[in-house]
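Participant: Sharing work05.txt below, compact mmCIF, C-alpha atoms:
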```txt
# COMPACT_ATOMS: atom_id res chain seq x y z
CA MET J 1 -27.59 -71.08 36.85
CA LEU J 2 -29.02 -72.49 40.07
CA THR J 3 -29.36 -76.28 39.77
CA LYS J 4 -31.91 -78.77 41.05
CA ARG J 5 -30.55 -80.83 43.93
CA ILE J 6 -30.42 -84.62 44.34
CA ILE J 7 -30.39 -85.67 48.00
CA PRO J 8 -29.89 -89.21 49.31
CA CYS J 9 -31.38 -89.81 52.76
CA LEU J 10 -29.70 -92.12 55.27
CA ASP J 11 -31.71 -93.57 58.15
CA ILE J 12 -29.59 -93.88 61.28
CA LYS J 13 -30.06 -95.86 64.47
CA GLU J 14 -27.49 -95.71 67.27
CA GLY J 15 -24.92 -94.32 64.85
CA ARG J 16 -25.42 -96.96 62.13
CA THR J 17 -27.39 -96.96 58.88
CA VAL J 18 -30.63 -98.86 59.31
CA LYS J 19 -31.88 -99.98 55.94
CA GLY J 20 -29.65 -102.40 54.13
CA VAL J 21 -27.43 -100.94 51.49
CA ASN J 22 -26.00 -102.62 48.46
CA PHE J 23 -22.61 -101.01 48.07
CA LEU J 24 -19.92 -103.50 47.27
CA GLU J 25 -17.20 -100.87 47.57
CA LEU J 26 -18.04 -100.22 51.19
CA ARG J 27 -15.93 -101.96 53.77
CA ASP J 28 -18.69 -101.40 56.28
CA ALA J 29 -22.14 -100.96 54.76
CA GLY J 30 -23.52 -99.88 58.11
CA ASP J 31 -21.19 -96.91 58.46
CA PRO J 32 -23.10 -93.73 57.61
CA VAL J 33 -19.89 -91.72 57.30
CA GLU J 34 -18.45 -94.00 54.65
CA LEU J 35 -21.74 -94.18 52.78
CA GLY J 36 -22.11 -90.39 52.95
CA LYS J 37 -18.67 -89.94 51.44
CA VAL J 38 -19.44 -92.35 48.59
CA TYR J 39 -22.59 -90.37 47.78
CA ALA J 40 -20.71 -87.06 47.93
CA ASP J 41 -18.05 -88.44 45.58
CA GLU J 42 -20.76 -89.73 43.23
CA GLY J 43 -22.24 -86.26 42.87
CA ALA J 44 -24.98 -86.04 45.50
CA ASP J 45 -25.73 -82.35 46.10
CA GLU J 46 -26.56 -82.72 49.78
CA LEU J 47 -27.13 -85.45 52.34
CA VAL J 48 -29.86 -85.94 54.92
CA PHE J 49 -29.25 -88.06 58.02
CA LEU J 50 -32.47 -89.10 59.72
CA ASP J 51 -31.88 -90.44 63.22
CA ILE J 52 -34.47 -92.85 64.56
CA THR J 53 -32.66 -93.72 67.79
CA ALA J 54 -35.04 -93.50 70.71
CA THR J 55 -32.70 -93.90 73.67
CA VAL J 56 -31.34 -91.46 76.22
CA GLU J 57 -27.95 -91.79 74.54
CA LYS J 58 -29.41 -90.34 71.35
CA ARG J 59 -27.95 -86.86 71.56
CA LYS J 60 -24.44 -88.04 72.36
CA THR J 61 -24.27 -90.59 69.53
CA LEU J 62 -25.79 -88.12 67.08
CA VAL J 63 -23.29 -85.37 67.94
CA GLU J 64 -20.47 -87.91 67.52
CA LEU J 65 -21.83 -88.93 64.14
CA VAL J 66 -22.23 -85.32 62.97
CA THR J 67 -18.64 -84.59 63.97
CA LYS J 68 -17.38 -87.55 61.92
CA VAL J 69 -19.52 -86.64 58.91
CA ALA J 70 -18.42 -82.98 59.00
CA LYS J 71 -14.77 -84.05 59.11
CA THR J 72 -15.16 -86.37 56.14
CA VAL J 73 -17.81 -85.01 53.77
CA ASN J 74 -17.28 -81.92 51.57
CA ILE J 75 -20.93 -81.16 50.75
CA PRO J 76 -23.74 -79.77 52.94
CA PHE J 77 -25.75 -82.06 55.16
CA THR J 78 -28.93 -81.92 57.21
CA VAL J 79 -29.64 -83.81 60.41
CA GLY J 80 -33.15 -84.67 61.56
CA GLY J 81 -35.20 -87.12 63.58
CA GLY J 82 -36.77 -86.34 66.93
CA ILE J 83 -34.77 -83.16 67.53
CA SER J 84 -36.81 -80.95 69.82
CA THR J 85 -34.74 -78.54 71.92
CA VAL J 86 -32.70 -75.47 71.04
CA ASP J 87 -29.81 -76.93 73.06
CA ASP J 88 -29.78 -80.07 70.90
CA ILE J 89 -29.86 -77.94 67.76
CA LYS J 90 -26.99 -75.81 68.98
CA ALA J 91 -24.88 -78.88 69.79
CA LEU J 92 -25.48 -80.37 66.33
CA LEU J 93 -24.74 -77.12 64.48
CA ASN J 94 -21.57 -76.58 66.51
CA ALA J 95 -20.47 -80.11 65.64
CA GLY J 96 -20.66 -79.16 61.95
CA ALA J 97 -24.20 -79.89 60.70
CA ASP J 98 -25.30 -77.35 58.07
CA LYS J 99 -29.02 -77.64 58.65
CA ILE J 100 -31.38 -79.16 61.18
CA SER J 101 -34.68 -80.66 60.20
CA ILE J 102 -37.55 -80.57 62.66
CA ASN J 103 -40.96 -82.16 62.30
CA SER J 104 -43.09 -83.26 65.27
CA ALA J 105 -41.38 -80.72 67.56
CA ALA J 106 -42.59 -77.86 65.35
CA VAL J 107 -46.15 -79.20 65.30
CA LYS J 108 -46.10 -79.49 69.09
CA ASN J 109 -44.54 -76.06 69.57
CA PRO J 110 -44.53 -73.87 66.43
CA GLY J 111 -42.65 -71.14 68.34
CA ILE J 112 -39.49 -73.25 68.11
CA VAL J 113 -39.23 -72.30 64.42
CA ASP J 114 -39.15 -68.58 65.32
CA GLU J 115 -36.69 -69.27 68.10
CA MET J 116 -34.38 -71.23 65.78
CA ALA J 117 -34.56 -68.56 63.07
CA ARG J 118 -33.65 -65.83 65.55
CA GLU J 119 -30.83 -67.77 67.11
CA PHE J 120 -29.25 -69.54 64.13
CA GLY J 121 -30.73 -67.98 60.97
CA SER J 122 -33.34 -69.36 58.58
CA GLN J 123 -30.70 -70.92 56.34
CA CYS J 124 -30.16 -73.83 58.74
CA ILE J 125 -33.81 -74.63 59.48
CA VAL J 126 -35.60 -77.28 57.46
CA VAL J 127 -39.16 -77.99 58.50
CA ALA J 128 -40.12 -81.53 57.52
CA ILE J 129 -43.79 -82.06 56.77
CA ASP J 130 -45.33 -85.51 56.39
CA THR J 131 -48.57 -85.13 54.48
CA LYS J 132 -51.41 -87.46 53.65
CA ASN J 133 -54.48 -86.81 51.56
CA MET J 134 -57.70 -87.66 53.40
CA ASP J 135 -60.89 -87.40 51.38
CA GLY J 136 -59.41 -84.72 49.13
CA VAL J 137 -57.84 -82.65 51.89
CA ASP J 138 -54.11 -82.72 52.75
CA PHE J 139 -53.35 -83.15 56.45
CA VAL J 140 -50.05 -83.03 58.34
CA HIS J 141 -49.05 -86.27 60.09
CA THR J 142 -46.44 -86.67 62.81
CA HIS J 143 -44.42 -89.47 64.43
CA GLY J 144 -43.13 -90.86 61.19
CA GLY J 145 -46.46 -90.33 59.48
CA ARG J 146 -48.40 -92.49 61.91
CA ARG J 147 -50.28 -89.80 63.78
CA PRO J 148 -52.72 -87.50 61.94
CA THR J 149 -53.14 -83.89 63.06
CA LEU J 150 -55.83 -81.32 62.38
CA LEU J 151 -53.34 -79.12 60.54
CA GLN J 152 -53.97 -78.66 56.86
CA THR J 153 -50.69 -79.12 54.99
CA GLN J 154 -50.84 -75.94 52.88
CA LYS J 155 -51.73 -73.73 55.85
CA TRP J 156 -49.05 -75.31 58.02
CA ALA J 157 -46.37 -74.88 55.34
CA LYS J 158 -47.29 -71.21 54.97
CA GLN J 159 -47.19 -70.75 58.73
CA VAL J 160 -43.73 -72.27 59.22
CA ALA J 161 -42.36 -70.30 56.24
CA GLU J 162 -43.63 -67.09 57.86
CA ARG J 163 -42.10 -68.14 61.17
CA GLY J 164 -38.69 -68.40 59.52
CA ALA J 165 -38.18 -71.88 58.06
CA GLY J 166 -35.49 -71.83 55.37
CA GLU J 167 -36.72 -74.87 53.46
CA ILE J 168 -39.59 -77.34 53.48
CA LEU J 169 -38.97 -81.08 53.23
CA LEU J 170 -42.29 -82.43 52.02
CA THR J 171 -42.90 -86.18 52.30
CA SER J 172 -46.07 -87.59 50.84
CA MET J 173 -47.20 -90.56 52.93
CA ASP J 174 -49.44 -91.59 50.03
CA HIS J 175 -46.40 -91.95 47.75
CA ASP J 176 -43.65 -92.99 50.17
CA GLY J 177 -42.39 -96.52 49.54
CA VAL J 178 -44.68 -97.08 46.53
CA LYS J 179 -42.05 -96.07 43.92
CA ASN J 180 -44.75 -94.72 41.68
CA GLY J 181 -43.53 -91.12 41.43
CA PHE J 182 -43.44 -88.08 43.72
CA ALA J 183 -46.55 -86.15 44.82
CA ASN J 184 -46.17 -83.57 42.07
CA GLU J 185 -49.45 -81.79 42.64
CA ILE J 186 -49.02 -80.73 46.26
CA THR J 187 -45.26 -80.19 45.77
CA SER J 188 -45.99 -77.77 42.94
CA GLU J 189 -48.72 -76.06 44.97
CA LEU J 190 -46.37 -75.45 47.92
CA SER J 191 -43.44 -74.46 45.73
CA ALA J 192 -45.50 -71.81 43.94
CA MET J 193 -47.08 -70.54 47.14
CA LEU J 194 -44.00 -70.33 49.39
CA GLY J 195 -41.02 -68.04 48.89
CA ILE J 196 -38.62 -70.77 50.12
CA PRO J 197 -37.29 -73.96 48.49
CA VAL J 198 -39.28 -77.19 48.64
CA ILE J 199 -37.55 -80.59 48.81
CA ALA J 200 -39.81 -83.36 47.52
CA SER J 201 -39.65 -86.77 49.16
CA GLY J 202 -41.46 -90.06 48.78
CA GLY J 203 -42.22 -92.08 45.68
CA ALA J 204 -39.01 -92.13 43.64
CA GLY J 205 -38.79 -95.32 41.61
CA LYS J 206 -37.72 -94.38 38.09
CA MET J 207 -35.47 -91.69 36.67
CA HIS J 208 -38.37 -89.92 34.99
CA HIS J 209 -40.02 -89.43 38.39
CA PHE J 210 -37.21 -86.97 39.19
CA LYS J 211 -37.73 -85.15 35.91
CA ASP J 212 -41.47 -84.96 36.65
CA VAL J 213 -41.02 -83.58 40.17
CA PHE J 214 -38.62 -80.89 38.90
CA THR J 215 -40.88 -79.88 36.00
CA SER J 216 -44.55 -80.37 36.87
CA GLY J 217 -43.79 -80.63 40.61
CA LYS J 218 -41.66 -77.43 40.57
CA ALA J 219 -39.47 -78.93 43.33
CA ASP J 220 -36.12 -77.32 44.13
CA ALA J 221 -34.65 -80.62 45.30
CA ALA J 222 -35.63 -84.28 45.38
CA LEU J 223 -34.85 -86.75 48.16
CA ALA J 224 -34.79 -90.53 48.00
CA ALA J 225 -33.39 -93.42 50.01
CA SER J 226 -33.74 -97.03 48.91
CA ILE J 227 -33.33 -96.51 45.15
CA PHE J 228 -29.90 -95.03 45.88
CA HIS J 229 -28.96 -97.49 48.64
CA PHE J 230 -29.78 -100.49 46.44
CA LYS J 231 -28.27 -98.86 43.38
CA GLU J 232 -31.49 -99.18 41.43
CA ILE J 233 -30.64 -95.70 40.17
CA PRO J 234 -26.99 -94.64 40.48
CA ILE J 235 -26.65 -90.90 41.11
CA PRO J 236 -24.22 -90.20 38.22
CA GLU J 237 -26.58 -91.90 35.76
CA LEU J 238 -29.59 -90.02 37.15
CA LYS J 239 -27.83 -86.67 36.87
CA LYS J 240 -26.71 -87.32 33.28
CA TYR J 241 -30.26 -88.30 32.37
CA LEU J 242 -31.72 -85.16 33.94
CA GLN J 243 -29.24 -82.93 32.17
CA ALA J 244 -30.06 -84.58 28.84
CA GLU J 245 -33.72 -83.91 29.61
CA GLY J 246 -32.98 -80.19 29.94
CA ILE J 247 -33.03 -79.98 33.75
CA SER J 248 -30.42 -77.67 35.28
CA ILE J 249 -28.14 -80.01 37.19
CA ARG J 250 -24.59 -80.02 38.61
CA LEU J 251 -22.35 -82.59 36.95
CA MET B 1 1.84 -73.46 56.77
CA GLU B 2 -0.01 -71.75 59.62
CA VAL B 3 -3.58 -70.69 58.88
CA ALA B 4 -5.44 -68.44 61.30
CA VAL B 5 -9.23 -68.67 61.16
CA ILE B 6 -10.66 -65.54 62.77
CA LYS B 7 -12.83 -66.37 65.77
CA TYR B 8 -15.89 -64.18 66.17
CA ASN B 9 -19.62 -64.65 66.64
CA ALA B 10 -20.17 -66.39 63.30
CA GLY B 11 -21.87 -69.75 62.84
CA ASN B 12 -20.51 -73.00 61.45
CA VAL B 13 -16.78 -72.23 61.51
CA GLN B 14 -16.13 -75.89 62.34
CA SER B 15 -16.64 -76.87 58.70
CA VAL B 16 -13.90 -74.48 57.59
CA LEU B 17 -11.50 -75.97 60.13
CA TYR B 18 -12.33 -79.50 58.97
CA ALA B 19 -11.80 -78.50 55.32
CA MET B 20 -8.35 -77.15 56.21
CA GLU B 21 -7.60 -80.40 58.04
CA ARG B 22 -8.61 -82.40 54.93
CA LEU B 23 -6.22 -80.29 52.85
CA GLY B 24 -3.39 -80.87 55.31
CA ALA B 25 -3.14 -77.27 56.55
CA ASN B 26 -2.61 -76.45 60.20
CA ALA B 27 -5.54 -74.16 61.01
CA THR B 28 -6.23 -72.45 64.34
CA LEU B 29 -9.44 -70.73 65.37
CA THR B 30 -8.31 -67.57 67.15
CA ASP B 31 -9.04 -63.94 67.96
CA ASP B 32 -5.52 -63.31 69.24
CA TRP B 33 -3.83 -60.40 67.39
CA GLU B 34 -0.36 -61.84 67.45
CA THR B 35 -1.38 -65.28 66.23
CA ILE B 36 -3.38 -63.73 63.39
CA GLN B 37 -0.60 -61.30 62.43
CA LYS B 38 2.01 -64.06 62.35
CA ALA B 39 -0.10 -66.53 60.34
CA ASP B 40 0.86 -67.33 56.74
CA LYS B 41 -2.77 -67.15 55.66
CA VAL B 42 -5.89 -65.75 57.31
CA ILE B 43 -9.44 -66.99 56.77
CA PHE B 44 -12.44 -64.88 57.76
CA PRO B 45 -15.41 -67.28 57.70
CA GLY B 46 -18.97 -66.36 58.39
CA GLN B 47 -22.55 -67.25 58.63
CA GLY B 48 -25.03 -65.03 60.37
CA GLU B 49 -26.13 -61.43 60.34
CA ALA B 50 -23.99 -58.43 59.35
CA SER B 51 -24.75 -55.82 62.04
CA THR B 52 -24.17 -58.07 65.07
CA ALA B 53 -21.01 -59.45 63.45
CA MET B 54 -19.64 -55.91 62.82
CA LYS B 55 -20.51 -54.85 66.36
CA TYR B 56 -18.64 -57.85 67.74
CA LEU B 57 -15.57 -57.17 65.56
CA LYS B 58 -15.47 -53.48 66.55
CA GLU B 59 -15.79 -54.19 70.26
CA ARG B 60 -12.65 -56.30 70.01
CA ASN B 61 -10.80 -54.03 67.58
CA LEU B 62 -10.70 -56.94 65.14
CA ASP B 63 -11.94 -54.54 62.44
CA GLN B 64 -8.68 -52.55 62.71
CA LEU B 65 -6.62 -55.73 62.71
CA ILE B 66 -8.33 -57.11 59.58
CA LYS B 67 -7.71 -53.84 57.69
CA SER B 68 -4.01 -53.87 58.63
CA LEU B 69 -3.12 -57.42 57.51
CA GLU B 70 -0.73 -58.00 54.61
CA GLN B 71 -0.72 -61.79 54.12
CA PRO B 72 -3.29 -63.52 51.82
CA PHE B 73 -6.68 -63.07 53.45
CA PHE B 74 -9.85 -64.96 52.49
CA GLY B 75 -13.36 -63.85 53.48
CA ILE B 76 -16.09 -66.48 53.09
CA CYS B 77 -19.88 -65.93 52.79
CA LEU B 78 -20.74 -63.29 55.42
CA GLY B 79 -16.97 -62.68 55.48
CA LEU B 80 -17.21 -61.39 51.90
CA GLN B 81 -20.10 -59.10 52.75
CA LEU B 82 -18.31 -57.68 55.81
CA LEU B 83 -15.28 -56.79 53.65
CA CYS B 84 -17.53 -54.55 51.52
CA GLU B 85 -18.39 -50.92 52.20
CA PHE B 86 -21.97 -51.12 53.34
CA SER B 87 -24.70 -53.74 53.80
CA GLU B 88 -28.42 -53.21 53.49
CA GLU B 89 -28.78 -55.82 56.26
CA TYR B 90 -29.75 -53.49 59.14
CA ASP B 91 -27.94 -50.66 57.25
CA THR B 92 -24.50 -51.73 58.43
CA GLN B 93 -21.22 -49.91 57.78
CA CYS B 94 -18.76 -52.69 57.02
CA LEU B 95 -14.96 -52.89 56.72
CA GLY B 96 -14.67 -51.08 53.39
CA ILE B 97 -11.88 -53.14 51.80
CA PHE B 98 -14.07 -53.35 48.69
CA PRO B 99 -15.96 -50.14 47.78
CA ILE B 100 -19.06 -52.20 47.05
CA GLN B 101 -22.65 -52.18 48.33
CA VAL B 102 -24.26 -55.35 49.67
CA LYS B 103 -27.94 -55.54 48.77
CA LYS B 104 -30.85 -57.84 49.49
CA PHE B 105 -32.08 -59.98 46.59
CA PRO B 106 -35.37 -58.55 45.29
CA PRO B 107 -38.21 -61.07 45.84
CA LEU B 108 -38.43 -61.99 42.14
CA ASP B 109 -37.56 -65.59 42.97
CA LYS B 110 -37.08 -67.63 46.14
CA VAL B 111 -34.87 -65.95 48.74
CA PRO B 112 -32.46 -67.12 50.16
CA HIS B 113 -30.54 -68.32 47.14
CA ILE B 114 -29.87 -71.92 48.28
CA GLY B 115 -28.01 -74.53 46.28
CA TRP B 116 -25.35 -75.09 43.65
CA ASN B 117 -24.70 -72.39 41.06
CA ASN B 118 -21.88 -71.98 38.58
CA LEU B 119 -19.10 -69.40 38.40
CA GLN B 120 -18.83 -67.10 35.38
CA ASN B 121 -16.27 -64.61 34.09
CA LEU B 122 -13.50 -66.17 36.17
CA HIS B 123 -10.16 -64.35 36.18
CA SER B 124 -7.78 -64.75 39.10
CA PRO B 125 -4.95 -67.04 40.21
CA LEU B 126 -7.33 -68.05 43.02
CA LEU B 127 -9.51 -69.71 40.37
CA ALA B 128 -6.74 -71.42 38.41
CA GLY B 129 -7.86 -74.78 37.04
CA LEU B 130 -11.57 -73.90 37.17
CA ASP B 131 -13.93 -72.76 34.43
CA GLU B 132 -17.63 -71.94 33.99
CA SER B 133 -18.55 -75.57 34.62
CA ALA B 134 -17.49 -75.14 38.26
CA TYR B 135 -20.42 -75.23 40.67
CA VAL B 136 -20.26 -73.93 44.22
CA TYR B 137 -22.72 -74.12 47.11
CA TYR B 138 -24.59 -70.93 48.06
CA VAL B 139 -26.81 -70.00 50.99
CA HIS B 140 -27.45 -66.25 51.16
CA SER B 141 -30.11 -63.54 51.00
CA TYR B 142 -27.75 -60.58 50.41
CA TYR B 143 -25.27 -60.15 47.57
CA ALA B 144 -22.34 -57.92 46.64
CA ALA B 145 -22.91 -55.99 43.43
CA VAL B 146 -20.55 -56.55 40.50
CA ASP B 147 -17.57 -54.16 40.34
CA PRO B 148 -15.40 -54.47 37.21
CA GLU B 149 -12.31 -53.58 39.21
CA PHE B 150 -12.63 -56.09 42.05
CA THR B 151 -15.01 -58.84 40.90
CA ILE B 152 -12.97 -61.90 39.85
CA ALA B 153 -16.00 -64.15 39.13
CA THR B 154 -19.74 -63.68 38.95
CA SER B 155 -22.76 -65.91 39.44
CA HIS B 156 -26.31 -65.32 38.33
CA TYR B 157 -29.41 -65.57 40.50
CA ILE B 158 -32.15 -63.00 39.93
CA THR B 159 -29.25 -60.69 38.98
CA ASP B 160 -25.51 -60.97 38.29
CA PHE B 161 -23.57 -60.64 41.53
CA SER B 162 -19.98 -60.91 42.76
CA ALA B 163 -19.21 -64.59 43.35
CA LEU B 164 -15.61 -63.74 44.26
CA LEU B 165 -13.72 -60.52 44.89
CA GLN B 166 -10.06 -59.58 45.09
CA ARG B 167 -8.14 -56.47 46.07
CA ASP B 168 -4.40 -56.78 46.72
CA ASN B 169 -4.03 -59.51 49.38
CA TYR B 170 -7.77 -59.61 50.16
CA TYR B 171 -9.82 -62.37 48.53
CA ALA B 172 -13.46 -63.16 49.20
CA MET B 173 -16.09 -65.69 48.15
CA GLN B 174 -19.86 -65.60 48.62
CA ALA B 175 -20.41 -69.38 48.34
CA HIS B 176 -19.02 -71.90 50.81
CA PRO B 177 -15.81 -73.46 49.42
CA GLU B 178 -15.70 -75.80 52.43
CA LYS B 179 -19.02 -77.28 51.26
CA SER B 180 -18.45 -77.09 47.50
CA SER B 181 -16.98 -80.52 46.84
CA LEU B 182 -13.95 -80.65 44.50
CA ALA B 183 -14.44 -77.13 43.10
CA GLY B 184 -14.35 -75.71 46.61
CA GLU B 185 -11.31 -77.75 47.53
CA LYS B 186 -9.54 -76.46 44.41
CA ILE B 187 -10.21 -72.85 45.44
CA LEU B 188 -9.02 -73.46 49.01
CA THR B 189 -5.90 -75.23 47.71
CA ASN B 190 -5.19 -72.32 45.35
CA PHE B 191 -5.59 -69.93 48.28
CA LEU B 192 -3.16 -71.93 50.41
CA ASN B 193 -0.68 -71.88 47.50
CA LEU B 194 -0.84 -68.10 46.96
```
Hey, can you dump this file as C-alpha cells for me?
Facilitator:
Amino acid sequence: MLTKRIIPCLDIKEGRTVKGVNFLELRDAGDPVELGKVYADEGADELVFLDITATVEKRKTLVELVTKVAKTVNIPFTVGGGISTVDDIKALLNAGADKISINSAAVKNPGIVDEMAREFGSQCIVVAIDTKNMDGVDFVHTHGGRRPTLLQTQKWAKQVAERGAGEILLTSMDHDGVKNGFANEITSELSAMLGIPVIASGGAGKMHHFKDVFTSGKADAALAASIFHFKEIPIPELKKYLQAEGISIRL
Amino acid sequence: MEVAVIKYNAGNVQSVLYAMERLGANATLTDDWETIQKADKVIFPGQGEASTAMKYLKERNLDQLIKSLEQPFFGICLGLQLLCEFSEEYDTQCLGIFPIQVKKFPPLDKVPHIGWNNLQNLHSPLLAGLDESAYVYYVHSYYAAVDPEFTIATSHYITDFSALLQRDNYYAMQAHPEKSSLAGEKILTNFLNL
C-alpha cells in the first residue's frame, strides 16, 4: 500500500544549515549532509533542501552540496530556492538531486514548467506554492511569501499541473511558523482537484496535526522543519503514532 | 567485483553509481561493449521515456548487446520496462526479455505513482532477507503487468503490478533500490552476491 510521506525541510545558506538544530549526536550541527543522513536513518521518507543563498557563488555551492548529499543519503531528495534556469536544473539533477522545486521562477515564467517537463520528465518537478488567504480568497505569494500576486492559488495549481508539474508543495503563509496545524481546507481542495500529489507545509506543531492533514487535509506528504530540528517531535515517534492512528506509513 | 552501469540517455544514473560506491562495489558508467561483456555484473538504470531510450539503444546496437549478456543483469525503473516486450508509452517495441506488456496506470488515482509502497508475494534469492514489510520508493506512470512465470514480487497501486521480474540471469525492479533506504541496499547487496 502506498504510504503517506514525512519530509523534513533543511534551510541552507552558503552550504550550511541556517536554523539552529538541536541534535546532540551531530558533530557539526551546521552540516546539511550529516543532518540529512540522520533524518534518513530515522525514517524520513524524503528530504527537501531549501537554499536561501543570494550570492553569485550560489550555483557552485549548491551543486557541491547536492553531490555530497547524493553520495551519502539513500532516500530521495528535492532541492529548491531561487532556481530559475534550465541550465541550473540540469546541473543539479546531474549532480544527483531527484527533484527540483521551483516557485517564483514559475510565477514569472510559467513556460519553464512545460520546458522542464519536456526535458527532464514530470517526476522531478515540484512546483512550490506559497499561499495566503486574503478576505476569503487564496492568493499566491512569491519571494518567500513576502510578495502577493494576482494569481488565485487554486487556478495556479491547476495551471502548473496541466503544464507538467509532478507534485505541488503547498505552504500556507497563514499557518507557517504558528504551529497550530496545517491548512487542511485548501490542501484537501487541491488534493481532490489535482491528479498529482500534494505536499502540505506550514503549521506542524503537534503529532495530531500530521494525522489531520493526512485525513481531512487529504495530503500525500507533510513537510516540517523546526519541530524536527529541535526534536520537539522525533520522526520515529511520529511515524509510530500515525501508524497506530490507522494512517498508512512506512516504518 | 566489476560492475558495469550501462550508459545511455537515461536520467539520474549518478545515484546508482553512488549507491554502488556506498556498498563498496567498483562501478563504471560505460557504453563500451567489451567493458560491459567483461563485467561481473551489469546494471541497466533508467529514468525517462521509453521510445527515445529504445531509439538510442538501437542506434548504438546496445539492444543486441543487452540481449546477449550472460552475467547477472539488473534493470531498474525504466530499465525494467525496456526489458519487457512492448510499452504503451508511445507504442514502443522493447527488448523482449520478458514477454510482458507495459501499460499506463488508469486515472483511477493520482498518476504518477510516487512514494513508498511495499513488496508482496516475494520469491527470489534477490529478495532474500526481505518480507512484505519491505517498502521501496516508486516514481512511475507505466507498469509491467503481473506474469506468474516471471514476476518475483508484486506491489499494489490501482492494480497489482510486477514490482520485480526475473528470467534466467535477467533481474529487474520497478522501484528505485538506490533510493529505497535499507530495503533497497539489501536488494542491491543480494544482486552483487548472486
Participant: Might you pull out every residue within 7 Å of segment 170-187 of chain B, with all atoms listed in the file counted and same-chain residues fewer than 5 positions away left off, and present them as a list in words?
Facilitator: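 Close residues of segment 170-187 of chain B: Asn74, Ile75 and Pro76 of chain J; Ser15, Val16, Ala19, Pro72, Phe73, Phe74, Gly75, Ile76, Cys77, Leu80, Leu126, Leu127, Ala134, Tyr135, Val136, Tyr137, Tyr138, Val139, Ala163, Leu164 and Leu165 of chain B.
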Participant: For Asp11 of chain J, work out the shell of residues within 10 Å, counting only C-alpha atoms and skipping chain neighbours fewer than 4 positions away, then give it as a list of chain:residue names.
Facilitator: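 Within the cut-off, the hits are J:Gly15, J:Arg16, J:Thr17, J:Val18, J:Lys19, J:Gly20, J:Pro32, J:Val48, J:Phe49, J:Leu50, J:Asp51, J:Ile52, J:Thr53, J:Gly80, J:Gly81, J:Ala225.
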Participant: Using only C-alpha atoms, which of the listed residues (B:Arg22, B:Lys67, B:Lys7, B:Lys38) sits closest to chain J?
Facilitator: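 Comparing B:Arg22, B:Lys67, B:Lys7, B:Lys38 against chain J, the winner is B:Arg22.
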Participant: As number ranges by chain, could you give me every residue of chain J near chain B (at most 6 Å apart, counting all atoms listed in the file)?
Facilitator: J: 1-3, 71, 74-76, 96, 195-196
Participant: Can you tell me, as an MDAnalysis selection string, what residues are no more than 8 Å from Glu167 of chain J when counting all atoms listed in the file, ignoring any on the same chain fewer than 6 positions away?
Facilitator: chainID J and resid 123 125:127 161 196:199
Participant: Could you write out the selected residues, including C-alpha atoms, as a short mmCIF file (atom, residue, chain, number, x, y, z; two decimals), in the coordinates of the input?
Facilitator:
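Generated file (out_28.cif):
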```cif
data_model
loop_
_atom_site.label_atom_id
_atom_site.label_comp_id
_atom_site.auth_asym_id
_atom_site.auth_seq_id
_atom_site.Cartn_x
_atom_site.Cartn_y
_atom_site.Cartn_z
CA GLN J 123 -30.70 -70.92 56.34
CA ILE J 125 -33.81 -74.63 59.48
CA VAL J 126 -35.60 -77.28 57.46
CA VAL J 127 -39.16 -77.99 58.50
CA ALA J 161 -42.36 -70.30 56.24
CA ILE J 196 -38.62 -70.77 50.12
CA PRO J 197 -37.29 -73.96 48.49
CA VAL J 198 -39.28 -77.19 48.64
CA ILE J 199 -37.55 -80.59 48.81
#
```
Participant: Quick one: of B:Phe105, B:Tyr142, B:Phe191, B:Trp33, who's nearest to Gln81 of chain B, counting all atoms listed in the file?
Facilitator: B:Tyr142
Participant: Env of segment 148-160 of chain J: 9 Å cut, atoms = only C-alpha atoms, seq-sep filter 6 positions within chain, self excluded. Answer as a PyMOL selection string.
Facilitator: chain J and resi 106-107+110+113-114+127+129-132+137-142+168+186+189-190+193-194
Participant: Taking N, CA, C and O atoms as the atom set, what does segment 31-38 of chain J look like once completed, written as a PDB file, in the coordinates of the input?
Facilitator:
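Heads up, here's the output in rebuild-v3.pdb:
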```pdb
ATOM      1  N   ASP J  31     -21.832 -98.149  57.999  1.00  0.00           N
ATOM      2  CA  ASP J  31     -21.190 -96.910  58.460  1.00  0.00           C
ATOM      3  C   ASP J  31     -21.707 -95.712  57.672  1.00  0.00           C
ATOM      4  O   ASP J  31     -21.407 -95.555  56.495  1.00  0.00           O
ATOM      5  N   PRO J  32     -22.501 -94.859  58.327  1.00  0.00           N
ATOM      6  CA  PRO J  32     -23.100 -93.730  57.610  1.00  0.00           C
ATOM      7  C   PRO J  32     -22.058 -92.748  57.077  1.00  0.00           C
ATOM      8  O   PRO J  32     -22.299 -92.089  56.064  1.00  0.00           O
ATOM      9  N   VAL J  33     -20.906 -92.665  57.745  1.00  0.00           N
ATOM     10  CA  VAL J  33     -19.890 -91.720  57.300  1.00  0.00           C
ATOM     11  C   VAL J  33     -19.305 -92.167  55.960  1.00  0.00           C
ATOM     12  O   VAL J  33     -19.196 -91.383  55.014  1.00  0.00           O
ATOM     13  N   GLU J  34     -19.013 -93.460  55.885  1.00  0.00           N
ATOM     14  CA  GLU J  34     -18.450 -94.000  54.650  1.00  0.00           C
ATOM     15  C   GLU J  34     -19.453 -93.910  53.505  1.00  0.00           C
ATOM     16  O   GLU J  34     -19.116 -93.520  52.377  1.00  0.00           O
ATOM     17  N   LEU J  35     -20.691 -94.252  53.799  1.00  0.00           N
ATOM     18  CA  LEU J  35     -21.740 -94.180  52.780  1.00  0.00           C
ATOM     19  C   LEU J  35     -21.943 -92.729  52.317  1.00  0.00           C
ATOM     20  O   LEU J  35     -22.074 -92.452  51.123  1.00  0.00           O
ATOM     21  N   GLY J  36     -21.954 -91.814  53.273  1.00  0.00           N
ATOM     22  CA  GLY J  36     -22.110 -90.390  52.950  1.00  0.00           C
ATOM     23  C   GLY J  36     -21.012 -89.912  52.021  1.00  0.00           C
ATOM     24  O   GLY J  36     -21.252 -89.165  51.069  1.00  0.00           O
ATOM     25  N   LYS J  37     -19.798 -90.358  52.269  1.00  0.00           N
ATOM     26  CA  LYS J  37     -18.670 -89.940  51.440  1.00  0.00           C
ATOM     27  C   LYS J  37     -18.792 -90.496  50.021  1.00  0.00           C
ATOM     28  O   LYS J  37     -18.525 -89.798  49.049  1.00  0.00           O
ATOM     29  N   VAL J  38     -19.235 -91.755  49.917  1.00  0.00           N
ATOM     30  CA  VAL J  38     -19.440 -92.350  48.590  1.00  0.00           C
ATOM     31  C   VAL J  38     -20.460 -91.528  47.804  1.00  0.00           C
ATOM     32  O   VAL J  38     -20.251 -91.183  46.641  1.00  0.00           O
TER      33      VAL J  38
END
```
